[in-house]
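Visitor: Here it is: the structure, laid out below.
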Amino acid sequence: MPVIVSCSSSPRVVVVSKVSTAGVSSSGTAATVVDRAATVAAVQAETRAVAVVGKGGQGPAGEVGPPGPAGGEVVVLPAAIDLGGHRVVRSSAGNVGYADAYDADHGDDVLGISLGAAAVGDDVQVRVGGLITEPSWAWTPEEPIFVGAEGIPTQTAPLDAAFLLVVGFAVTSTSMRVRIESPIRASMKSRARYSANAEGGIVLNPKLSARLKAAVGPAE
């Protein structure tokens, strides 16, 4: 842009009205007036109209999820030790560990079947009733399932164990219904009397009675 310079020694007024003039330097001039065209920027904000139509209706229902366990059939407790899944467990002081048929102190503490593995201190889900399916099982349907050593469920009655305890019955080859019954602690001959008769208020299973009698012989 051009710059106008006045070098006259006599007082005068220099008026600059050229739009492109950037500035004036005047030596010995009484007054300097700069008339610069001002630049005005016009800003127009974007305006958007929004219509409020009120609360919308409920959308379509989603897909139905898998059914959860019935109330009270699954409990969650911390693991006392590292636990594997689908093992018979017992509750002790609010924690969960393996139930062992060869430990006489475990008979009254059996809780149910663990639904998954858990590290010590982590929560573990335990099914205390209802149906469990596990593809690796190979049960004989309608036969009882006992607690064995270190929480392993078995259909072979551990007759040399400290107690016998039915934890459920096989529904199919890969599923069982959890039903924790009362432990039997008497001698092996007395165990043969496990029958359909009521014992301590518990109605026992006739099929199991037949299997035990065949295994140990008649009571003397």
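To be explicit about the labels: the chains of the structure tokens are called A, B, and onward in the order shown, and within each one the residues are counted from 1, while ligands get numbers from 1 in the order they are shown.
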Which residues are close to Asp109 (chain A), i.e. within 9 Å by only C-alpha atoms, leaving aside same-chain residues fewer than 5 positions away? Reply as JSON, numbers by chain.

Guide: {"A": [89, 90, 91, 92, 99]}

Visitor: Since we have the selection now, will you write its residues out, keeping N, CA, C and O atoms, as a PDB file, in the first residue's frame?

Guide:
ATOM      1  N   VAL A  89     -18.942 -78.783  46.239  1.00  0.00           N
ATOM      2  CA  VAL A  89     -18.267 -77.874  47.165  1.00  0.00           C
ATOM      3  C   VAL A  89     -19.025 -77.801  48.484  1.00  0.00           C
ATOM      4  O   VAL A  89     -20.200 -78.138  48.577  1.00  0.00           O
ATOM      5  N   ARG A  90     -18.302 -77.350  49.495  1.00  0.00           N
ATOM      6  CA  ARG A  90     -18.858 -77.182  50.822  1.00  0.00           C
ATOM      7  C   ARG A  90     -18.642 -75.742  51.278  1.00  0.00           C
ATOM      8  O   ARG A  90     -17.753 -75.046  50.788  1.00  0.00           O
ATOM      9  N   SER A  91     -19.450 -75.313  52.216  1.00  0.00           N
ATOM     10  CA  SER A  91     -19.322 -73.979  52.773  1.00  0.00           C
ATOM     11  C   SER A  91     -18.715 -74.077  54.164  1.00  0.00           C
ATOM     12  O   SER A  91     -19.140 -74.888  54.989  1.00  0.00           O
ATOM     13  N   SER A  92     -17.703 -73.233  54.410  1.00  0.00           N
ATOM     14  CA  SER A  92     -17.061 -73.202  55.716  1.00  0.00           C
ATOM     15  C   SER A  92     -16.665 -71.763  56.017  1.00  0.00           C
ATOM     16  O   SER A  92     -15.884 -71.156  55.272  1.00  0.00           O
ATOM     17  N   ALA A  99     -15.797 -80.361  48.748  1.00  0.00           N
ATOM     18  CA  ALA A  99     -16.314 -81.363  49.681  1.00  0.00           C
ATOM     19  C   ALA A  99     -15.625 -82.686  49.372  1.00  0.00           C
ATOM     20  O   ALA A  99     -15.427 -83.038  48.209  1.00  0.00           O
TER      21      ALA A  99
END

Visitor: For CA of Asp122 (chain A) and CA of Ala93 (chain A), quote the distance in Å rounded to one decimal.

Guide: 15.2 Å

Visitor: Restricting the calculation to only C-alpha atoms, which member of A:Gly116, A:Gly62, A:Gly97, A:Gly85 is positioned closest to Glu150 (chain A)?

Guide: A:Gly97

Visitor: So how many Å separate CA of Glu143 (chain A) and CA of Leu165 (chain A), to one decimal?

Guide: 13.5 Å

Visitor: Restricting the calculation to only C-alpha atoms, which member of A:Ile180, A:Ser175, A:Ala162, A:Ile132 is positioned closest to Tyr102 (chain A)?

Guide: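 Under the stated criterion, the closest residue is A:Ala162.
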
Visitor: If you measure from CA of Asn95 (chain A) to CA of Leu111 (chain A), what distance in Å do you get, rounded to one decimal?

Guide: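 A separation of 10.7 Å between them.
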
Visitor: Could you check the closest approach to Pro78 (chain A) for each of A:Val167, A:Ile113, A:Val126, A:Ala101 and tell me which residue wins, using only C-alpha atoms?

Guide: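 Nearest to Pro78 (chain A): A:Val126.
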
Visitor: Using only C-alpha atoms for the distances, tell me which of A:Val147, A:His86, A:Ile81, A:Ile152 is nearest to Val110 (chain A).

Guide: A:Val147

Visitor: From a DSSP calculation on the backbone, collect every residue of region 71-140 of chain A in strand (DSSP E or B) and output the set as a ChimeraX atom specification.

Guide: /A:74-79,83,88-92,95-98,110-114,118,123-127,130-133
